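Listing of protein-v1.cif; format and content: mmCIF, N, CA and C atoms.
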data_protein
loop_
_atom_site.label_atom_id
_atom_site.label_comp_id
_atom_site.auth_asym_id
_atom_site.auth_seq_id
_atom_site.Cartn_x
_atom_site.Cartn_y
_atom_site.Cartn_z
N MET S 1 -77.05 -76.47 122.59
CA MET S 1 -78.29 -76.87 123.19
C MET S 1 -79.46 -76.60 122.24
N GLU S 2 -79.40 -75.44 121.55
CA GLU S 2 -80.45 -75.13 120.57
C GLU S 2 -80.49 -76.16 119.45
N ASP S 3 -79.32 -76.63 119.03
CA ASP S 3 -79.27 -77.63 117.96
C ASP S 3 -80.02 -78.90 118.35
N VAL S 4 -79.82 -79.34 119.57
CA VAL S 4 -80.48 -80.57 120.03
C VAL S 4 -81.99 -80.36 120.07
N LEU S 5 -82.43 -79.22 120.59
CA LEU S 5 -83.86 -78.94 120.67
C LEU S 5 -84.49 -78.85 119.28
N CYS S 6 -83.83 -78.14 118.37
CA CYS S 6 -84.33 -78.01 117.00
C CYS S 6 -84.33 -79.36 116.28
N THR S 7 -83.32 -80.17 116.53
CA THR S 7 -83.23 -81.48 115.89
C THR S 7 -84.34 -82.41 116.39
N ILE S 8 -84.64 -82.36 117.66
CA ILE S 8 -85.75 -83.16 118.19
C ILE S 8 -87.03 -82.77 117.47
N TYR S 9 -87.25 -81.48 117.32
CA TYR S 9 -88.44 -80.99 116.62
C TYR S 9 -88.47 -81.48 115.18
N THR S 10 -87.35 -81.37 114.49
CA THR S 10 -87.24 -81.79 113.09
C THR S 10 -87.52 -83.28 112.94
N ILE S 11 -86.97 -84.08 113.83
CA ILE S 11 -87.19 -85.52 113.78
C ILE S 11 -88.66 -85.84 114.04
N GLU S 12 -89.25 -85.16 115.01
CA GLU S 12 -90.67 -85.39 115.29
C GLU S 12 -91.54 -84.98 114.09
N LEU S 13 -91.16 -83.89 113.40
CA LEU S 13 -91.91 -83.45 112.22
C LEU S 13 -91.95 -84.53 111.14
N SER S 14 -90.88 -85.29 111.03
CA SER S 14 -90.80 -86.33 110.01
C SER S 14 -91.41 -87.65 110.50
N ASN S 15 -92.14 -87.59 111.62
CA ASN S 15 -92.80 -88.76 112.20
C ASN S 15 -91.84 -89.88 112.58
N ASN S 16 -90.63 -89.49 112.97
CA ASN S 16 -89.67 -90.46 113.47
C ASN S 16 -89.49 -90.24 114.96
N ILE S 17 -88.83 -91.17 115.60
CA ILE S 17 -88.61 -91.10 117.04
C ILE S 17 -87.24 -90.47 117.30
N PRO S 18 -87.20 -89.37 118.03
CA PRO S 18 -85.92 -88.71 118.31
C PRO S 18 -85.11 -89.43 119.39
N ARG S 19 -84.39 -90.44 118.95
CA ARG S 19 -83.52 -91.19 119.86
C ARG S 19 -82.16 -90.52 119.93
N ASN S 20 -81.45 -90.84 120.98
CA ASN S 20 -80.13 -90.26 121.22
C ASN S 20 -79.23 -90.41 120.01
N SER S 21 -79.17 -91.59 119.42
CA SER S 21 -78.24 -91.84 118.30
C SER S 21 -78.64 -91.02 117.06
N ALA S 22 -79.94 -90.87 116.80
CA ALA S 22 -80.39 -90.09 115.64
C ALA S 22 -80.08 -88.61 115.83
N ILE S 23 -80.26 -88.12 117.04
CA ILE S 23 -79.95 -86.72 117.34
C ILE S 23 -78.45 -86.48 117.21
N ALA S 24 -77.66 -87.39 117.75
CA ALA S 24 -76.20 -87.27 117.67
C ALA S 24 -75.74 -87.22 116.22
N SER S 25 -76.28 -88.08 115.40
CA SER S 25 -75.92 -88.12 113.99
C SER S 25 -76.31 -86.82 113.28
N ALA S 26 -77.53 -86.36 113.52
CA ALA S 26 -78.01 -85.14 112.86
C ALA S 26 -77.24 -83.90 113.31
N CYS S 27 -76.83 -83.87 114.58
CA CYS S 27 -76.11 -82.71 115.12
C CYS S 27 -74.60 -82.84 114.99
N ASN S 28 -74.14 -83.98 114.48
CA ASN S 28 -72.72 -84.24 114.34
C ASN S 28 -72.00 -84.10 115.70
N MET S 29 -72.55 -84.79 116.69
CA MET S 29 -71.93 -84.78 118.01
C MET S 29 -71.99 -86.17 118.61
N ARG S 30 -71.24 -86.38 119.64
CA ARG S 30 -71.24 -87.68 120.32
C ARG S 30 -72.54 -87.87 121.09
N ARG S 31 -72.90 -89.12 121.26
CA ARG S 31 -74.14 -89.43 121.99
C ARG S 31 -74.09 -88.94 123.43
N ASN S 32 -72.90 -88.98 124.05
CA ASN S 32 -72.81 -88.51 125.44
C ASN S 32 -73.07 -87.00 125.52
N MET S 33 -72.77 -86.26 124.46
CA MET S 33 -73.08 -84.83 124.45
C MET S 33 -74.58 -84.60 124.29
N VAL S 34 -75.23 -85.44 123.51
CA VAL S 34 -76.70 -85.35 123.39
C VAL S 34 -77.32 -85.61 124.76
N THR S 35 -76.80 -86.60 125.46
CA THR S 35 -77.29 -86.90 126.81
C THR S 35 -77.07 -85.70 127.73
N HIS S 36 -75.90 -85.09 127.64
CA HIS S 36 -75.57 -83.91 128.45
C HIS S 36 -76.57 -82.78 128.19
N TRP S 37 -76.77 -82.44 126.90
CA TRP S 37 -77.69 -81.36 126.56
C TRP S 37 -79.14 -81.76 126.85
N GLY S 38 -79.45 -83.03 126.67
CA GLY S 38 -80.78 -83.51 126.99
C GLY S 38 -81.10 -83.33 128.47
N THR S 39 -80.12 -83.58 129.32
CA THR S 39 -80.30 -83.40 130.75
C THR S 39 -80.55 -81.93 131.07
N LYS S 40 -79.79 -81.05 130.43
CA LYS S 40 -79.98 -79.61 130.65
C LYS S 40 -81.35 -79.14 130.14
N LEU S 41 -81.73 -79.61 128.95
CA LEU S 41 -83.04 -79.24 128.40
C LEU S 41 -84.17 -79.79 129.26
N GLY S 42 -83.96 -80.98 129.81
CA GLY S 42 -84.95 -81.57 130.70
C GLY S 42 -85.09 -80.76 131.98
N ALA S 43 -83.96 -80.29 132.52
CA ALA S 43 -83.99 -79.47 133.74
C ALA S 43 -84.73 -78.15 133.50
N LEU S 44 -84.70 -77.68 132.27
CA LEU S 44 -85.41 -76.45 131.91
C LEU S 44 -86.89 -76.71 131.61
N GLY S 45 -87.27 -77.98 131.59
CA GLY S 45 -88.65 -78.34 131.33
C GLY S 45 -89.03 -78.31 129.86
N LEU S 46 -88.03 -78.32 128.96
CA LEU S 46 -88.31 -78.24 127.53
C LEU S 46 -88.48 -79.60 126.87
N ILE S 47 -87.86 -80.63 127.45
CA ILE S 47 -88.00 -81.99 126.93
C ILE S 47 -88.11 -82.96 128.09
N GLN S 48 -88.55 -84.16 127.78
CA GLN S 48 -88.49 -85.23 128.76
C GLN S 48 -87.99 -86.49 128.08
N LEU S 49 -87.36 -87.32 128.86
CA LEU S 49 -86.83 -88.57 128.34
C LEU S 49 -87.92 -89.61 128.41
N GLY S 50 -88.20 -90.21 127.26
CA GLY S 50 -89.21 -91.26 127.20
C GLY S 50 -88.59 -92.63 127.40
N LYS S 51 -89.43 -93.62 127.38
CA LYS S 51 -88.98 -95.00 127.50
C LYS S 51 -88.09 -95.36 126.31
N TYR S 52 -87.11 -96.17 126.51
CA TYR S 52 -86.18 -96.63 125.48
C TYR S 52 -85.33 -95.50 124.91
N ALA S 53 -84.96 -94.55 125.75
CA ALA S 53 -84.00 -93.49 125.43
C ALA S 53 -84.39 -92.64 124.23
N TYR S 54 -85.61 -92.19 124.21
CA TYR S 54 -85.97 -91.20 123.20
C TYR S 54 -86.48 -89.95 123.90
N TYR S 55 -86.37 -88.85 123.21
CA TYR S 55 -86.73 -87.56 123.79
C TYR S 55 -88.07 -87.09 123.25
N MET S 56 -88.81 -86.39 124.09
CA MET S 56 -90.09 -85.81 123.69
C MET S 56 -90.10 -84.34 124.09
N LEU S 57 -90.60 -83.51 123.22
CA LEU S 57 -90.77 -82.11 123.56
C LEU S 57 -91.94 -81.99 124.54
N THR S 58 -91.78 -81.13 125.51
CA THR S 58 -92.87 -80.88 126.45
C THR S 58 -93.76 -79.78 125.87
N GLU S 59 -94.84 -79.51 126.56
CA GLU S 59 -95.73 -78.43 126.15
C GLU S 59 -94.98 -77.10 126.11
N GLU S 60 -94.07 -76.92 127.04
CA GLU S 60 -93.27 -75.69 127.08
C GLU S 60 -92.19 -75.70 126.02
N GLY S 61 -91.66 -76.87 125.70
CA GLY S 61 -90.56 -76.97 124.74
C GLY S 61 -90.99 -76.87 123.29
N LEU S 62 -92.21 -77.28 123.00
CA LEU S 62 -92.68 -77.26 121.61
C LEU S 62 -92.63 -75.88 120.96
N PRO S 63 -93.17 -74.83 121.57
CA PRO S 63 -93.10 -73.53 120.91
C PRO S 63 -91.68 -72.98 120.78
N VAL S 64 -90.83 -73.32 121.73
CA VAL S 64 -89.43 -72.87 121.65
C VAL S 64 -88.73 -73.56 120.49
N ALA S 65 -88.91 -74.87 120.39
CA ALA S 65 -88.30 -75.64 119.30
C ALA S 65 -88.85 -75.21 117.95
N LYS S 66 -90.13 -74.94 117.88
CA LYS S 66 -90.76 -74.50 116.63
C LYS S 66 -90.19 -73.16 116.19
N ARG S 67 -90.00 -72.24 117.13
CA ARG S 67 -89.42 -70.93 116.80
C ARG S 67 -87.99 -71.09 116.27
N LEU S 68 -87.21 -71.94 116.90
CA LEU S 68 -85.84 -72.19 116.44
C LEU S 68 -85.84 -72.77 115.03
N TYR S 69 -86.72 -73.73 114.80
CA TYR S 69 -86.83 -74.37 113.48
C TYR S 69 -87.26 -73.36 112.42
N GLU S 70 -88.27 -72.58 112.71
CA GLU S 70 -88.75 -71.59 111.73
C GLU S 70 -87.70 -70.53 111.43
N ARG S 71 -86.95 -70.14 112.46
CA ARG S 71 -85.87 -69.17 112.26
C ARG S 71 -84.80 -69.74 111.33
N ARG S 72 -84.44 -70.98 111.56
CA ARG S 72 -83.43 -71.63 110.72
C ARG S 72 -83.93 -71.80 109.29
N MET S 73 -85.18 -72.19 109.13
CA MET S 73 -85.76 -72.37 107.80
C MET S 73 -85.82 -71.04 107.04
N ALA S 74 -86.21 -69.97 107.72
CA ALA S 74 -86.30 -68.66 107.09
C ALA S 74 -84.93 -68.20 106.61
N LEU S 75 -83.94 -68.36 107.45
CA LEU S 75 -82.59 -67.96 107.08
C LEU S 75 -82.06 -68.82 105.93
N ALA S 76 -82.29 -70.12 105.97
CA ALA S 76 -81.83 -71.01 104.90
C ALA S 76 -82.50 -70.66 103.58
N THR S 77 -83.78 -70.35 103.63
CA THR S 77 -84.51 -69.98 102.41
C THR S 77 -83.91 -68.73 101.79
N GLU S 78 -83.63 -67.75 102.61
CA GLU S 78 -83.07 -66.50 102.09
C GLU S 78 -81.64 -66.69 101.57
N LEU S 79 -80.86 -67.51 102.24
CA LEU S 79 -79.50 -67.80 101.76
C LEU S 79 -79.55 -68.51 100.41
N GLN S 80 -80.46 -69.46 100.29
CA GLN S 80 -80.58 -70.20 99.03
C GLN S 80 -80.97 -69.26 97.89
N LYS S 81 -81.94 -68.39 98.15
CA LYS S 81 -82.39 -67.46 97.11
C LYS S 81 -81.30 -66.44 96.76
N ALA S 82 -80.65 -65.90 97.76
CA ALA S 82 -79.67 -64.84 97.56
C ALA S 82 -78.41 -65.33 96.85
N PHE S 83 -77.98 -66.54 97.18
CA PHE S 83 -76.70 -67.02 96.65
C PHE S 83 -76.84 -68.16 95.65
N GLY S 84 -78.06 -68.63 95.43
CA GLY S 84 -78.26 -69.71 94.46
C GLY S 84 -77.56 -70.99 94.84
N ILE S 85 -77.53 -71.29 96.13
CA ILE S 85 -76.85 -72.49 96.62
C ILE S 85 -77.87 -73.59 96.88
N SER S 86 -77.38 -74.81 97.05
CA SER S 86 -78.27 -75.94 97.29
C SER S 86 -78.95 -75.78 98.64
N TRP S 87 -80.11 -76.43 98.78
CA TRP S 87 -80.83 -76.37 100.04
C TRP S 87 -80.01 -76.94 101.19
N GLU S 88 -79.33 -78.05 100.95
CA GLU S 88 -78.54 -78.69 102.00
C GLU S 88 -77.45 -77.75 102.51
N PHE S 89 -76.76 -77.10 101.57
CA PHE S 89 -75.69 -76.18 101.96
C PHE S 89 -76.28 -74.96 102.66
N ALA S 90 -77.39 -74.43 102.15
CA ALA S 90 -78.03 -73.27 102.76
C ALA S 90 -78.47 -73.59 104.19
N PHE S 91 -79.01 -74.79 104.40
CA PHE S 91 -79.47 -75.17 105.73
C PHE S 91 -78.30 -75.30 106.70
N LYS S 92 -77.19 -75.89 106.23
CA LYS S 92 -76.00 -76.00 107.09
C LYS S 92 -75.45 -74.62 107.43
N GLN S 93 -75.44 -73.72 106.45
CA GLN S 93 -74.96 -72.36 106.70
C GLN S 93 -75.88 -71.62 107.66
N ALA S 94 -77.18 -71.80 107.48
CA ALA S 94 -78.14 -71.15 108.38
C ALA S 94 -77.92 -71.62 109.82
N ASP S 95 -77.65 -72.90 109.98
CA ASP S 95 -77.38 -73.45 111.30
C ASP S 95 -76.16 -72.76 111.91
N ALA S 96 -75.11 -72.60 111.12
CA ALA S 96 -73.89 -71.95 111.61
C ALA S 96 -74.12 -70.46 111.88
N TRP S 97 -74.78 -69.79 110.96
CA TRP S 97 -75.00 -68.35 111.09
C TRP S 97 -75.89 -68.00 112.27
N GLU S 98 -76.92 -68.78 112.50
CA GLU S 98 -77.89 -68.39 113.52
C GLU S 98 -77.28 -68.33 114.91
N HIS S 99 -76.19 -69.01 115.13
CA HIS S 99 -75.54 -68.96 116.44
C HIS S 99 -74.93 -67.59 116.70
N ASP S 100 -74.65 -66.85 115.62
CA ASP S 100 -74.03 -65.54 115.76
C ASP S 100 -74.99 -64.38 115.57
N LEU S 101 -76.25 -64.68 115.28
CA LEU S 101 -77.24 -63.63 115.05
C LEU S 101 -78.20 -63.56 116.23
N CYS S 102 -78.61 -62.36 116.55
CA CYS S 102 -79.56 -62.21 117.65
C CYS S 102 -80.99 -62.40 117.15
N ASP S 103 -81.90 -62.68 118.06
CA ASP S 103 -83.30 -62.90 117.71
C ASP S 103 -83.92 -61.70 117.01
N ASN S 104 -83.54 -60.50 117.39
CA ASN S 104 -84.13 -59.30 116.80
C ASN S 104 -83.76 -59.12 115.34
N LEU S 105 -82.64 -59.68 114.93
CA LEU S 105 -82.20 -59.54 113.54
C LEU S 105 -82.94 -60.49 112.62
N LEU S 106 -83.27 -61.65 113.13
CA LEU S 106 -83.95 -62.65 112.32
C LEU S 106 -85.45 -62.44 112.39
N VAL S 107 -86.03 -62.05 111.28
CA VAL S 107 -87.46 -61.78 111.19
C VAL S 107 -88.10 -62.83 110.30
N PRO S 108 -89.43 -62.93 110.32
CA PRO S 108 -90.07 -63.92 109.45
C PRO S 108 -89.68 -63.77 107.99
N ALA S 109 -89.59 -64.88 107.29
CA ALA S 109 -89.11 -64.90 105.91
C ALA S 109 -89.92 -63.96 105.01
N GLU S 110 -91.21 -63.85 105.26
CA GLU S 110 -92.03 -63.02 104.38
C GLU S 110 -91.69 -61.53 104.50
N ARG S 111 -90.97 -61.14 105.54
CA ARG S 111 -90.58 -59.74 105.72
C ARG S 111 -89.17 -59.45 105.22
N ILE S 112 -88.46 -60.48 104.81
CA ILE S 112 -87.07 -60.30 104.37
C ILE S 112 -87.03 -60.13 102.86
N GLU S 113 -86.36 -59.12 102.41
CA GLU S 113 -86.13 -58.97 100.97
C GLU S 113 -84.66 -58.64 100.78
N LEU S 114 -83.97 -59.49 100.07
CA LEU S 114 -82.58 -59.23 99.75
C LEU S 114 -82.49 -58.74 98.31
N HIS S 115 -81.75 -57.69 98.11
CA HIS S 115 -81.61 -57.11 96.78
C HIS S 115 -80.18 -57.24 96.31
N ALA S 116 -79.99 -57.76 95.13
CA ALA S 116 -78.64 -57.87 94.56
C ALA S 116 -78.20 -56.48 94.11
N HIS S 117 -76.97 -56.16 94.38
CA HIS S 117 -76.42 -54.86 93.96
C HIS S 117 -75.42 -55.05 92.87
#

Before anything else, please render the file you have as structure tokens.
Amino acid sequence: MEDVLCTIYTIELSNNIPRNSAIASACNMRRNMVTHWGTKLGALGLIQLGKYAYYMLTEEGLPVAKRLYERRMALATELQKAFGISWEFAFKQADAWEHDLCDNLLVPAERIELHAH
């Protein structure tokens, strides 16, 4: 569910329309699963379905999606710096890792310092 919310935010940031098919492609999931999670996010008041099957973040959903996006970006940045990996790979890893990390562990990027031993 977080992936769908963060992806909607990312698509909106790039001035594109977050349609079901674009979200499904970005999240590597079937369109019916995007619809499923979209319904759940809508019930929580975080998104609404617009005309022609596109999703919009609500006033309540925007700060939540932004926090998810910033958390993922901070983690990807630190992974890239620490391991010298490509941005694309770091971002994919950050997406996978963040599902297993709690909010208290992930702090703003400017407060993180990784030291090579």

Point-to-point distance in Å for atom CA of S:Val34 and atom C of S:Asn20: 6.6 Å

Atom CA of S:Lys92 to atom CA of S:Lys66, distance in Å rounded to a single decimal: 17.6 Å

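You can rank S:Ala94, S:Ile85, S:Ala53, S:Met73 by their closest distance to S:Pro18 using all atoms listed in the file, and at the top of that list sits S:Ala53.
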
Expected selection from the PyMOL selection byres ((chain S and resi 38) around 8), given as a PyMOL selection string: chain S and resi 1+4-5+32-37+39-44+47-49+55

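Residue nearest S:Leu75 within the list S:Ile8, S:Ala90, S:Met29, S:Met56: S:Ala90 [criterion: smallest interatomic distance, only C-alpha atoms].
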
Separation of atom CA of S:Ala65 from atom CA of S:Ala96, in Å and rounded to one decimal: 16.7 Å

Expected selection from the PyMOL selection byres (((chain S and resi 26 and name CA) around 10) and name CA), given as number ranges by chain: S: 3-4, 7-8, 10-11, 21-25, 27-29

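Between S:Leu79 and the residues S:Arg67, S:Glu59, S:Leu13, S:Gln93, the shortest atom-to-atom distance, using all atoms listed in the file, involves S:Gln93.
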
Would you give the centre and edge lengths, in Å to one decimal, of a box along x, y and z around the listed atoms of stretch 5-12 of chain S, with 4 Å added to each side, as JSON?
{"center_x": -87.0, "center_y": -81.9, "center_z": 116.8, "size_x": 17.1, "size_y": 15.8, "size_z": 15.7}

Residues flagged strand (DSSP E or B) by DSSP in chain S, as number ranges by chain: S: 19, 47-50, 54-57

Backbone-only DSSP, alpha helix (DSSP H) members of chain S, as a PyMOL selection string: chain S and resi 2-13+20-27+31-43+61-83+87-98

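Ranking S:Val64, S:Arg72, S:Ile17, S:Arg30 by their shortest atom-to-atom distance to S:Lys51, with only C-alpha atoms included, puts S:Ile17 first.
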